[in-house]
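*Asks:* Supplied structure: input26.pdb, PDB, C-alpha atoms.
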ATOM      1  CA  MET A   5       1.262 -35.178  -1.137
ATOM      2  CA  LEU A   6      -0.539 -34.578   2.180
ATOM      3  CA  ASN A   7       2.752 -34.346   4.081
ATOM      4  CA  LYS A   8       4.661 -32.000   1.778
ATOM      5  CA  HIS A   9       7.601 -30.151   3.345
ATOM      6  CA  PHE A  10       9.239 -27.125   1.776
ATOM      7  CA  GLN A  11      12.814 -25.935   2.200
ATOM      8  CA  THR A  12      13.078 -22.609   3.990
ATOM      9  CA  THR A  13      14.979 -19.831   2.309
ATOM     10  CA  GLN A  14      18.373 -18.749   3.519
ATOM     11  CA  PHE A  15      18.219 -14.965   3.279
ATOM     12  CA  ARG A  16      14.534 -14.189   3.694
ATOM     13  CA  ARG A  17      11.597 -15.560   5.602
ATOM     14  CA  GLY A  18       9.345 -18.051   3.811
ATOM     15  CA  TYR A  19       9.639 -21.018   1.528
ATOM     16  CA  GLU A  20      11.725 -21.583  -1.542
ATOM     17  CA  GLU A  21       9.579 -20.292  -4.407
ATOM     18  CA  ARG A  22      10.686 -23.064  -6.759
ATOM     19  CA  ASP A  23       9.573 -25.757  -4.260
ATOM     20  CA  VAL A  24       6.149 -24.132  -3.837
ATOM     21  CA  ASP A  25       5.738 -23.794  -7.614
ATOM     22  CA  ASP A  26       6.703 -27.450  -8.106
ATOM     23  CA  PHE A  27       4.191 -28.488  -5.441
ATOM     24  CA  LEU A  28       1.448 -26.416  -7.061
ATOM     25  CA  ASP A  29       2.299 -28.080 -10.400
ATOM     26  CA  GLU A  30       1.876 -31.474  -8.707
ATOM     27  CA  ILE A  31      -1.515 -30.388  -7.359
ATOM     28  CA  VAL A  32      -2.616 -29.184 -10.794
ATOM     29  CA  ALA A  33      -1.559 -32.518 -12.319
ATOM     30  CA  GLU A  34      -3.437 -34.418  -9.594
ATOM     31  CA  MET A  35      -6.513 -32.221 -10.091
ATOM     32  CA  ARG A  36      -6.443 -32.838 -13.840
ATOM     33  CA  SER A  37      -6.135 -36.564 -13.204
ATOM     34  CA  LEU A  38      -9.084 -36.487 -10.782
ATOM     35  CA  ILE A  39     -11.200 -34.474 -13.224
ATOM     36  CA  GLU A  40     -10.338 -36.922 -15.998
ATOM     37  CA  GLN A  41     -11.224 -39.848 -13.713
ATOM     38  CA  ARG A  42     -14.493 -38.177 -12.692
ATOM     39  CA  ASP A  43     -15.373 -37.513 -16.325
ATOM     40  CA  ASP A  44     -14.620 -41.156 -17.140
ATOM     41  CA  TYR A  45     -16.890 -42.319 -14.303
ATOM     42  CA  LEU A  46     -19.631 -39.967 -15.473
ATOM     43  CA  LYS A  47     -19.295 -41.348 -18.997
ATOM     44  CA  GLN A  48     -19.557 -44.911 -17.669
ATOM     45  CA  LEU A  49     -22.576 -43.927 -15.586
ATOM     46  CA  ASN A  50     -24.261 -42.202 -18.516
ATOM     47  CA  ASP A  51     -23.531 -45.202 -20.783
ATOM     48  CA  CYS A  52     -25.174 -47.455 -18.198
ATOM     49  CA  ARG A  53     -28.145 -45.088 -17.880
ATOM     50  CA  ALA A  54     -28.463 -44.848 -21.670
ATOM     51  CA  SER A  55     -28.640 -48.633 -21.901
ATOM     52  CA  LYS A  56     -31.586 -48.457 -19.458
ATOM     53  CA  ASN A  57     -33.254 -45.619 -21.390
ATOM     54  CA  GLN A  58     -32.741 -43.190 -18.521
ATOM     55  CA  PRO A  59     -31.626 -39.577 -18.891
ATOM     56  CA  ALA A  60     -27.935 -38.772 -18.670
ATOM     57  CA  VAL A  61     -26.489 -37.352 -15.473
ATOM     58  CA  ARG A  62     -24.780 -33.979 -15.620
ATOM     59  CA  ASP A  63     -21.733 -33.082 -13.563
ATOM     60  CA  GLY A  64     -22.604 -32.668  -9.872
ATOM     61  CA  ALA A  65     -26.067 -34.209 -10.214
ATOM     62  CA  THR A  66     -25.099 -37.710  -9.021
ATOM     63  CA  ALA A  67     -26.651 -37.332  -5.575
ATOM     64  CA  ALA A  68     -30.207 -36.888  -6.933
ATOM     65  CA  MET A  69     -30.204 -39.917  -9.289
ATOM     66  CA  PRO A  70     -33.191 -42.256  -9.212
ATOM     67  CA  PRO A  71     -32.339 -45.916  -8.636
ATOM     68  CA  VAL A  72     -31.892 -48.196 -11.656
ATOM     69  CA  GLY A  73     -34.272 -51.119 -12.274
ATOM     70  CA  ARG A  74     -31.992 -54.197 -12.194
ATOM     71  CA  PRO A  75     -30.229 -55.214  -8.975
ATOM     72  CA  GLY A  76     -26.818 -55.776 -10.596
ATOM     73  CA  ASP A  77     -26.985 -52.419 -12.319
ATOM     74  CA  GLU A  78     -27.878 -50.710  -9.064
ATOM     75  CA  ALA A  79     -24.747 -52.046  -7.369
ATOM     76  CA  ARG A  80     -22.619 -51.040 -10.343
ATOM     77  CA  LEU A  81     -24.248 -47.614 -10.437
ATOM     78  CA  GLY A  82     -23.742 -47.189  -6.698
ATOM     79  CA  GLY A  83     -20.057 -48.048  -7.097
ATOM     80  CA  LEU A  84     -19.669 -45.565  -9.922
ATOM     81  CA  THR A  85     -21.530 -42.927  -7.935
ATOM     82  CA  ALA A  86     -19.287 -43.514  -4.925
ATOM     83  CA  LYS A  87     -16.205 -43.269  -7.129
ATOM     84  CA  ILE A  88     -17.446 -40.018  -8.639
ATOM     85  CA  GLN A  89     -18.183 -38.594  -5.203
ATOM     86  CA  ASP A  90     -14.726 -39.696  -3.986
ATOM     87  CA  ALA A  91     -13.138 -38.039  -7.005
ATOM     88  CA  GLU A  92     -15.120 -34.854  -6.373
ATOM     89  CA  ARG A  93     -14.078 -34.820  -2.694
ATOM     90  CA  ALA A  94     -10.445 -35.420  -3.634
ATOM     91  CA  PHE A  95     -10.672 -32.653  -6.217
ATOM     92  CA  LYS A  96     -12.107 -30.231  -3.647
ATOM     93  CA  ALA A  97      -9.438 -31.182  -1.093
ATOM     94  CA  ALA A  98      -6.692 -30.703  -3.678
ATOM     95  CA  SER A  99      -8.182 -27.336  -4.667
ATOM     96  CA  ASP A 100      -8.315 -26.267  -1.023
ATOM     97  CA  ARG A 101      -4.708 -27.353  -0.448
ATOM     98  CA  ALA A 102      -3.597 -25.505  -3.578
ATOM     99  CA  ALA A 103      -5.394 -22.339  -2.489
ATOM    100  CA  LYS A 104      -3.884 -22.562   0.990
ATOM    101  CA  ALA A 105      -0.392 -23.193  -0.400
ATOM    102  CA  LYS A 106      -0.746 -20.203  -2.723
ATOM    103  CA  ALA A 107      -2.013 -17.999   0.115
ATOM    104  CA  ASP A 108       0.869 -19.150   2.330
ATOM    105  CA  ALA A 109       3.368 -18.489  -0.453
ATOM    106  CA  ASP A 110       1.896 -15.023  -1.100
ATOM    107  CA  ASN A 111       1.983 -14.232   2.614
ATOM    108  CA  ALA A 112       5.573 -15.472   2.931
ATOM    109  CA  GLU A 113       6.570 -13.366  -0.062
ATOM    110  CA  ARG A 114       4.871 -10.281   1.420
ATOM    111  CA  LEU A 115       6.576 -10.812   4.777
ATOM    112  CA  ALA A 116       9.926 -11.344   3.075
ATOM    113  CA  LYS A 117       9.506  -8.114   1.106
ATOM    114  CA  GLU A 118       8.664  -6.241   4.310
ATOM    115  CA  ARG A 119      11.747  -7.671   6.029
ATOM    116  CA  ILE A 120      13.930  -6.755   3.066
ATOM    117  CA  ASP A 121      12.563  -3.208   3.087
ATOM    118  CA  ARG A 122      13.165  -2.930   6.845
ATOM    119  CA  ALA A 123      16.676  -4.341   6.460
ATOM    120  CA  LYS A 124      17.437  -1.813   3.698
ATOM    121  CA  ALA A 125      16.172   1.045   5.870
ATOM    122  CA  ASP A 126      18.210  -0.224   8.838
ATOM    123  CA  ALA A 127      21.292  -0.517   6.634
ATOM    124  CA  GLU A 128      20.841   3.044   5.373
ATOM    125  CA  ARG A 129      20.456   4.341   8.937
ATOM    126  CA  ALA A 130      23.518   2.380  10.032
ATOM    127  CA  GLU A 131      25.496   3.723   7.073
ATOM    128  CA  GLN A 132      24.499   7.295   7.926
ATOM    129  CA  ALA A 133      25.373   6.736  11.592
ATOM    130  CA  ALA A 134      28.726   5.239  10.612
ATOM    131  CA  LYS A 135      29.404   8.136   8.266
ATOM    132  CA  ALA A 136      28.511  10.612  11.019
ATOM    133  CA  ALA A 137      30.750   8.700  13.434
ATOM    134  CA  VAL A 138      33.583   8.732  10.898
ATOM    135  CA  ASP A 139      33.036  12.452  10.287
ATOM    136  CA  SER A 140      32.986  13.065  14.044
ATOM    137  CA  THR A 141      36.140  10.989  14.528
ATOM    138  CA  ALA A 142      37.883  12.799  11.689
ATOM    139  CA  LEU A 143      36.812  16.144  13.161
ATOM    140  CA  ASN A 144      38.100  15.150  16.610
ATOM    141  CA  ASP A 145      41.401  13.966  15.084
ATOM    142  CA  ALA A 146      41.774  17.215  13.126
ATOM    143  CA  GLN A 147      40.999  19.257  16.266
ATOM    144  CA  ALA A 148      43.628  17.301  18.235
ATOM    145  CA  LYS A 149      46.204  17.896  15.468
ATOM    146  CA  LEU A 150      45.305  21.600  15.368
ATOM    147  CA  ASN A 151      45.734  21.844  19.133
ATOM    148  CA  ALA A 152      49.107  20.088  18.877
ATOM    149  CA  LEU A 153      50.191  22.436  16.076
ATOM    150  CA  ASN A 154      49.006  25.485  18.059
ATOM    151  CA  SER A 155      51.074  24.240  21.000
ATOM    152  CA  GLU A 156      54.127  23.795  18.767
ATOM    153  CA  VAL A 157      53.604  27.296  17.331
ATOM    154  CA  ALA A 158      53.394  28.722  20.852
ATOM    155  CA  ASP A 159      56.608  26.887  21.818
ATOM    156  CA  ALA A 160      58.321  28.139  18.651
ATOM    157  CA  GLU A 161      57.173  31.717  19.340
ATOM    158  CA  GLY A 162      58.543  31.425  22.882
ATOM    159  CA  LYS A 163      61.858  30.142  21.585
ATOM    160  CA  LEU A 164      61.931  32.937  18.981
ATOM    161  CA  ALA A 165      61.280  35.555  21.661
ATOM    162  CA  ARG A 166      64.089  34.121  23.798
ATOM    163  CA  ALA A 167      66.388  33.982  20.763
ATOM    164  CA  ARG A 168      65.581  37.647  19.979
ATOM    165  CA  GLU A 169      66.245  38.587  23.581
ATOM    166  CA  GLU A 170      69.561  36.728  23.507
ATOM    167  CA  ALA A 171      70.418  38.359  20.183
ATOM    168  CA  ARG A 172      69.633  41.822  21.605
ATOM    169  CA  THR A 173      71.713  41.069  24.681
ATOM    170  CA  ALA A 174      74.547  39.833  22.470
ATOM    171  CA  GLU A 175      74.340  43.001  20.359
ATOM    172  CA  GLU A 176      74.483  45.166  23.484
ATOM    173  CA  ARG A 177      77.570  43.269  24.704
ATOM    174  CA  ALA A 178      79.163  43.611  21.301
ATOM    175  CA  ALA A 179      78.425  47.338  21.288
ATOM    176  CA  ARG A 180      79.944  47.694  24.772
ATOM    177  CA  ALA A 181      82.904  45.630  23.723
ATOM    178  CA  ARG A 182      83.433  47.907  20.700
ATOM    179  CA  ALA A 183      83.073  50.970  22.864
ATOM    180  CA  GLU A 184      85.628  49.608  25.319
ATOM    181  CA  ALA A 185      87.918  48.641  22.484
ATOM    182  CA  ASP A 186      87.645  52.115  21.023
ATOM    183  CA  ALA A 187      88.344  53.697  24.397
TER
END
Any chance you could give the structure as C-alpha coordinates?

*Replies:*
Amino acid sequence: MLNKHFQTTQFRRGYEERDVDDFLDEIVAEMRSLIEQRDDYLKQLNDCRASKNQPAVRDGATAAMPPVGRPGDEARLGGLTAKIQDAERAFKAASDRAAKAKADADNAERLAKERIDRAKADAERAEQAAKAAVDSTALNDAQAKLNALNSEVADAEGKLARAREEARTAEERAARARAEADA
(Lines of atoms letter the chains of each structure in order from A and count residues from 1; the text may use other names and numbers.)
(Lines give C-alpha, C1' and ligand atoms only; values in the text may rest on other atoms or scores of the structure.)
Protein backbone atom coordinates (compact mmCIF):
# COMPACT_ATOMS: atom_id res chain seq x y z
CA MET A 1 0.00 0.00 0.00
CA LEU A 2 2.99 2.34 0.42
CA ASN A 3 3.74 2.26 -3.32
CA LYS A 4 0.25 2.85 -4.69
CA HIS A 5 0.06 4.16 -8.26
CA PHE A 6 -3.06 5.70 -9.75
CA GLN A 7 -4.08 5.81 -13.40
CA THR A 8 -4.13 9.31 -14.84
CA THR A 9 -7.29 10.51 -16.49
CA GLN A 10 -7.54 10.88 -20.23
CA PHE A 11 -9.44 14.14 -20.65
CA ARG A 12 -8.57 16.10 -17.53
CA ARG A 13 -5.62 16.53 -15.24
CA GLY A 14 -5.49 14.36 -12.12
CA TYR A 15 -6.16 10.81 -11.09
CA GLU A 16 -9.02 8.51 -11.86
CA GLU A 17 -11.57 9.20 -9.11
CA ARG A 18 -12.58 5.54 -8.85
CA ASP A 19 -8.94 4.49 -8.22
CA VAL A 20 -8.52 7.11 -5.48
CA ASP A 21 -11.81 6.09 -3.86
CA ASP A 22 -10.79 2.42 -3.95
CA PHE A 23 -7.44 3.30 -2.37
CA LEU A 24 -9.13 5.32 0.36
CA ASP A 25 -11.44 2.34 1.01
CA GLU A 26 -8.33 0.15 1.40
CA ILE A 27 -6.88 2.65 3.88
CA VAL A 28 -10.11 2.73 5.87
CA ALA A 29 -10.14 -1.09 6.00
CA GLU A 30 -6.50 -1.13 7.12
CA MET A 31 -7.21 1.54 9.75
CA ARG A 32 -10.16 -0.45 11.08
CA SER A 33 -7.98 -3.56 11.22
CA LEU A 34 -5.24 -1.66 13.10
CA ILE A 35 -7.76 -0.19 15.54
CA GLU A 36 -9.22 -3.65 16.13
CA GLN A 37 -5.72 -5.06 16.66
CA ARG A 38 -4.84 -2.21 19.04
CA ASP A 39 -8.05 -2.75 20.99
CA ASP A 40 -7.26 -6.47 21.20
CA TYR A 41 -3.76 -5.71 22.52
CA LEU A 42 -5.20 -3.27 25.05
CA LYS A 43 -7.67 -5.92 26.19
CA GLN A 44 -4.84 -8.44 26.59
CA LEU A 45 -2.79 -5.87 28.48
CA ASN A 46 -5.70 -4.96 30.75
CA ASP A 47 -6.44 -8.67 31.38
CA CYS A 48 -2.81 -9.15 32.39
CA ARG A 49 -2.92 -6.05 34.61
CA ALA A 50 -6.21 -7.19 36.17
CA SER A 51 -4.63 -10.53 37.07
CA LYS A 52 -1.93 -8.54 38.91
CA ASN A 53 -4.49 -6.30 40.63
CA GLN A 54 -3.26 -3.24 38.75
CA PRO A 55 -5.49 -0.57 37.22
CA ALA A 56 -6.54 -0.91 33.60
CA VAL A 57 -4.78 1.11 30.92
CA ARG A 58 -6.85 3.47 28.82
CA ASP A 59 -6.22 4.11 25.14
CA GLY A 60 -3.04 6.15 24.60
CA ALA A 61 -1.81 5.73 28.18
CA THR A 62 0.59 2.83 27.48
CA ALA A 63 3.73 4.95 27.66
CA ALA A 64 3.20 5.91 31.33
CA MET A 65 2.56 2.37 32.66
CA PRO A 66 4.40 1.27 35.80
CA PRO A 67 6.37 -1.97 35.44
CA VAL A 68 4.72 -5.24 36.46
CA GLY A 69 6.08 -7.30 39.38
CA ARG A 70 7.03 -10.65 37.77
CA PRO A 71 9.84 -10.85 35.21
CA GLY A 72 7.90 -13.00 32.72
CA ASP A 73 4.93 -10.68 32.89
CA GLU A 74 7.15 -7.67 32.30
CA ALA A 75 8.48 -9.15 29.06
CA ARG A 76 4.97 -10.06 27.94
CA LEU A 77 3.70 -6.61 28.89
CA GLY A 78 6.60 -4.96 27.06
CA GLY A 79 5.78 -6.99 23.95
CA LEU A 80 2.13 -6.02 24.13
CA THR A 81 3.07 -2.39 24.71
CA ALA A 82 5.39 -2.44 21.70
CA LYS A 83 2.66 -4.01 19.58
CA ILE A 84 0.17 -1.37 20.68
CA GLN A 85 2.64 1.41 19.93
CA ASP A 86 3.38 -0.15 16.51
CA ALA A 87 -0.34 -0.34 15.80
CA GLU A 88 -0.79 3.29 16.87
CA ARG A 89 2.10 4.40 14.63
CA ALA A 90 0.72 2.41 11.70
CA PHE A 91 -2.71 3.91 12.33
CA LYS A 92 -1.28 7.44 12.35
CA ALA A 93 0.72 6.77 9.17
CA ALA A 94 -2.36 5.36 7.44
CA SER A 95 -4.40 8.38 8.58
CA ASP A 96 -1.73 10.74 7.26
CA ARG A 97 -1.59 8.91 3.92
CA ALA A 98 -5.38 8.99 3.66
CA ALA A 99 -5.47 12.72 4.39
CA LYS A 100 -2.74 13.39 1.84
CA ALA A 101 -4.46 11.24 -0.79
CA LYS A 102 -7.74 13.07 -0.18
CA ALA A 103 -6.02 16.46 -0.37
CA ASP A 104 -4.27 15.42 -3.59
CA ALA A 105 -7.54 14.18 -5.06
CA ASP A 106 -9.34 17.40 -4.07
CA ASN A 107 -6.53 19.48 -5.57
CA ALA A 108 -6.54 17.43 -8.78
CA GLU A 109 -10.30 17.82 -9.03
CA ARG A 110 -10.04 21.59 -8.50
CA LEU A 111 -7.32 21.89 -11.14
CA ALA A 112 -9.33 19.75 -13.56
CA LYS A 113 -12.39 21.95 -13.05
CA GLU A 114 -10.30 25.06 -13.70
CA ARG A 115 -8.90 23.53 -16.89
CA ILE A 116 -12.37 22.53 -18.04
CA ASP A 117 -13.66 26.05 -17.39
CA ARG A 118 -10.70 27.54 -19.29
CA ALA A 119 -11.21 25.09 -22.16
CA LYS A 120 -14.91 26.01 -22.34
CA ALA A 121 -14.06 29.72 -22.42
CA ASP A 122 -11.41 29.12 -25.10
CA ALA A 123 -13.89 27.08 -27.14
CA GLU A 124 -16.50 29.85 -26.90
CA ARG A 125 -13.94 32.46 -28.00
CA ALA A 126 -12.83 30.23 -30.86
CA GLU A 127 -16.44 29.67 -31.90
CA GLN A 128 -17.11 33.41 -31.89
CA ALA A 129 -13.92 34.06 -33.86
CA ALA A 130 -14.86 31.35 -36.36
CA LYS A 131 -18.36 32.78 -36.68
CA ALA A 132 -16.92 36.26 -37.23
CA ALA A 133 -14.50 34.83 -39.80
CA VAL A 134 -17.35 33.03 -41.54
CA ASP A 135 -19.45 36.21 -41.47
CA SER A 136 -16.50 38.19 -42.82
CA THR A 137 -15.87 35.60 -45.54
CA ALA A 138 -19.55 35.56 -46.48
CA LEU A 139 -19.56 39.37 -46.58
CA ASN A 140 -16.45 39.42 -48.78
CA ASP A 141 -17.99 36.80 -51.10
CA ALA A 142 -21.25 38.77 -51.33
CA GLN A 143 -19.31 41.99 -52.05
CA ALA A 144 -17.34 40.23 -54.82
CA LYS A 145 -20.59 38.91 -56.34
CA LEU A 146 -22.16 42.38 -56.12
CA ASN A 147 -19.14 43.90 -57.85
CA ALA A 148 -19.35 41.24 -60.57
CA LEU A 149 -23.08 41.88 -61.01
CA ASN A 150 -22.50 45.66 -61.13
CA SER A 151 -19.89 45.07 -63.84
CA GLU A 152 -22.32 42.89 -65.81
CA VAL A 153 -25.03 45.56 -65.43
CA ALA A 154 -22.61 48.21 -66.70
CA ASP A 155 -21.70 46.00 -69.68
CA ALA A 156 -25.39 45.36 -70.39
CA GLU A 157 -26.17 49.09 -70.18
CA GLY A 158 -23.32 49.77 -72.62
CA LYS A 159 -24.62 47.15 -75.01
CA LEU A 160 -28.15 48.57 -74.66
CA ALA A 161 -26.90 52.07 -75.43
CA ARG A 162 -25.07 50.78 -78.51
CA ALA A 163 -28.15 48.80 -79.56
CA ARG A 164 -30.31 51.94 -79.18
CA GLU A 165 -27.80 53.93 -81.20
CA GLU A 166 -27.79 51.27 -83.91
CA ALA A 167 -31.59 51.16 -83.84
CA ARG A 168 -31.77 54.97 -84.20
CA THR A 169 -29.28 54.85 -87.05
CA ALA A 170 -31.28 52.06 -88.69
CA GLU A 171 -34.49 54.08 -88.32
CA GLU A 172 -32.83 57.12 -89.90
CA ARG A 173 -31.64 54.99 -92.84
CA ALA A 174 -35.09 53.50 -93.20
CA ALA A 175 -36.63 56.97 -93.16
CA ARG A 176 -34.16 58.15 -95.82
CA ALA A 177 -34.81 55.04 -97.83
CA ARG A 178 -38.57 55.71 -97.67
CA ALA A 179 -38.03 59.32 -98.61
CA GLU A 180 -35.91 58.29 -101.58
CA ALA A 181 -38.43 55.67 -102.55
CA ASP A 182 -41.21 58.22 -102.40
CA ALA A 183 -39.20 60.68 -104.48

*Asks:* Grab the CA of Ala152 in chain A to CA of Asp139 in chain A distance for me, in Å with one decimal place.

*Replies:*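 Result for CA of Ala152 in chain A versus CA of Asp139 in chain A: 19.8 Å, one decimal.
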
*Asks:* Centre and edge lengths, as AutoDock Vina command-line options, for the axis-aligned box enclosing every listed atom of range 132-142 of chain A with 4 Å of padding on each of the six sides, in Å to one decimal?

*Replies:*
--center_x 31.2 --center_y 9.2 --center_z 11.2 --size_x 21.4 --size_y 15.8 --size_z 14.6

*Asks:* How far is it from CA of Glu113 in chain A to CA of Glu128 in chain A, in Å with one decimal?

*Replies:* 22.4 Å

*Asks:* Check the smallest atom-to-atom distance from each of A:Ala127, A:Ala158, A:Ile120, A:Ala102 to Asp26 in chain A using all atoms listed in the file, then report the winner.

*Replies:*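 The closest residue to Asp26 in chain A is A:Ala102.
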
*Asks:* Of the residues A:Ser99, A:Asn154, A:Gln132, A:Ser140, which is the one nearest to Leu28 in chain A, using all atoms listed in the file?

*Replies:*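 Answer, going by the shortest atom-to-atom distance: A:Ser99.
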
*Asks:* Which value, in Å to one decimal, gives the distance between CA of Glu21 in chain A and CA of Ala109 in chain A?

*Replies:* 7.6 Å

*Asks:* Closest to Arg93 in chain A among A:Lys149, A:Arg129, A:Arg36, A:Arg42, using all atoms listed in the file?

*Replies:* A:Arg42
